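**Student:** Structure below; questions to follow.
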Protein chains: 2
Amino acid sequence: MSLPFDPIEEARRQWTEHGWGAVDAMSAVTSITRAHQIVLGRINEVLAPFGLTFSRYEALVLLTFSRTGALPLGKMGVRLMVHPTSVTNTIDRLERDGLVRRVDHPDDRRTVLAEITDDGRAAVKEATDALVEVQFGVGALPKASLRSLDAQLRSLRLAAGDFTEPDQWSEQPR
Amino acid sequence: MSLPFDPIEEARRQWTEHGWGAVDAMSAVTSITRAHQIVLGRINEVLAPFGLTFSRYEALVLLTFSRTGALPLGKMGVRLMVHPTSVTNTIDRLERDGLVRRVDHPDDRRTVLAEITDDGRAAVKEATDALVEVQFGVGALPKASLRSLDAQLRSLRLAAGDFTEPDQWSEQPR
DNA sequence: GACCAATAATAGGAAGTCCTAGTTTCGCGC
DNA sequence: GCGCGAAACTAGGACTTCCTATTATTGGTC
């Protein structure tokens with residue numbers, strides 16, 4: 001399964017050899033793509049026995065964290081940073097599997113709430129244990145590396161306008 | 001489009017508050033996911049005018065770099081680090097758009113070669129110019145950050161067994 | 001009070017990824 | 001020379017993501 005050389009390094013070499021520009025950017029982007037592919041694959045392997053995928057798991061976790069166990073689909077999309085139609089799709093499948101239930105919003109009839117079921121809560125619990133067990137598939141890296149990587153990616157996200165920096169000098173205010 | 005807070009930092013906070021483990025791993029993985037989503041989105045926006053997506057573009061680049069402009073699909077899958085069936089899918093679409101042509105392998109009748117066409121070469125050229133122009137969507141980051149990020153992700157890939165380190169102590173040998 | 005723009009969700013469609021199952025072909029071993 | 005496992009590709013299916021367009025509802029404006 002594993003190559004005797006680093007294909008990204010090979011790409012850098014070819015890219016440079018052909019005199020093409022932005023090698024570092026190309027390389028970084030390719031690395032992100034590949035890292036994502038690896039990590040997602042590992043996580044989905046771990047989640048499969050529970051009938052979950054990472055996106056479904058993330059949705060369930062979000063509901064678990066909410067006060068009432070229910071959230072409008074739209075709000076979930078914002079928090080999960082995915083397109084509204086992706087949330088509809090995710091909730092469809094979670095509902096099909098009985099891990100979530102669609103509920104009318106009491107005040108706004110346009111809004112639909114996704115409410116986690118007891119089965120859903122049980123699934124999150126087990127799945128979380130399994131993921132923590134394998135450190136989300138990145139257990140092979142030391143904690144310092146993970147933090148450093150996280151910080152680098154945060155810069156990337158900030159530069160991309162993913163969110164606005166509230167205050168550079170204060171810790172998260174709660 | 002951009003939130004007034006960092007949703008990943010918020011996730012860390014909640015995760016910690018609930019006493020769940022592997023916070024750094026969870027955070028790093030979520031960051032990778034989001035970074036991938038952002039970068040891929042930007043790149044695909046740039047490529048759309050040329051009728052390309054990132055995966056199609058990568059396939060064309062690989063063919064451009066090959067000596068004869070043609071490669072077996074299987075070899076492409078290995079180099080691009082994707083499943084064989086993904087290559088079939090990609091080549092289907094490239095062929096549909098006339099950027100690639102399927103050719104019989106001269107010696108091995110099991111093997112199919114994908115050969116880049118003149119239109120394909122032209123498309124790669126224009127698309128590459130456009131991508132380099134915007135530094136693959138990560139131009140906002142300084143070169144040092146890109147290199148650092150790349151190195152971190154290389155560690156992750158190495159730890160995941162993505163490839164085997166040829167020699168730990170030498171710099172990349174060319 | 002009526003109208004109209006914005007908001008929330010969904011339907012349908014295009015793409016990408018992977019997996020499991022075929023079919024065809026190769027090449028090694030006996 | 002035959003057979004049989006391995007290799008290369010494709011078909012079909014599940015899932016995720018996004019986009020555009022549609023429907024229902026809300027809330028502010030005149």
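Identifiers in the structure tokens: chain A, B, ... in order shown; residue index from 1 per chain; ligand index from 1 in order shown.
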Might you pull out every residue within 9 Å of A:Phe54, with only C-alpha atoms (C1' of nucleotides) counted and same-chain residues fewer than 6 positions away left off, and present them as a ChimeraX atom specification?
**Tutor:** /A:40,43-44,47
**Student:** At a cut-off of 12 Å, which residues of chain D touch chain B? Count only C-alpha atoms (C1' of nucleotides) and give the answer as a VMD selection string.
**Tutor:** chain D and resid 7 to 12 16 to 18
**Student:** When you get a sec, could you note down which chain C residues fall within 10 Å of chain A, using only C-alpha atoms (C1' of nucleotides), as a list in words?
**Tutor:**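 Putting it all together, I get DT7, DA8, DA9, DT10, DA11, DT17 and DC18 of chain C.
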**Student:** Tell me, which residues of chain A carry DSSP strand (DSSP E), written as number ranges by chain?
**Tutor:** A: 70-72, 100-104, 112-116
**Student:** Considering only C-alpha atoms (C1' of nucleotides), return as an mmCIF file with C-alpha atoms, in the first residue's frame whatever protein or nucleic-acid residues lie within 7 Å of stretch 16-29 of chain A, sequence-local ones (same chain, fewer than 6 positions apart) excluded.
**Tutor:**
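File around06.cif, as written:
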data_model
loop_
_atom_site.group_PDB
_atom_site.id
_atom_site.type_symbol
_atom_site.label_atom_id
_atom_site.label_comp_id
_atom_site.auth_asym_id
_atom_site.auth_seq_id
_atom_site.Cartn_x
_atom_site.Cartn_y
_atom_site.Cartn_z
ATOM 1 C CA ILE A 8 4.504 14.792 -3.350
ATOM 2 C CA VAL B 132 0.108 29.950 -10.218
ATOM 3 C CA GLN B 135 -0.745 30.688 -5.744
ATOM 4 C CA PHE B 136 -3.197 27.791 -5.592
ATOM 5 C CA VAL B 138 -2.943 30.034 -0.503
ATOM 6 C CA LYS B 143 6.315 31.054 1.844
ATOM 7 C CA LEU B 146 3.693 27.054 3.485
ATOM 8 C CA ARG B 147 6.947 25.165 3.847
ATOM 9 C CA LEU B 149 2.845 23.397 6.955
ATOM 10 C CA ASP B 150 4.058 21.112 4.220
#
**Student:** What is the atom CA of A:Leu52 to atom CA of B:Ile38 distance in Å?
**Tutor:**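 Atom CA of A:Leu52 sits 24.0 Å away from atom CA of B:Ile38.
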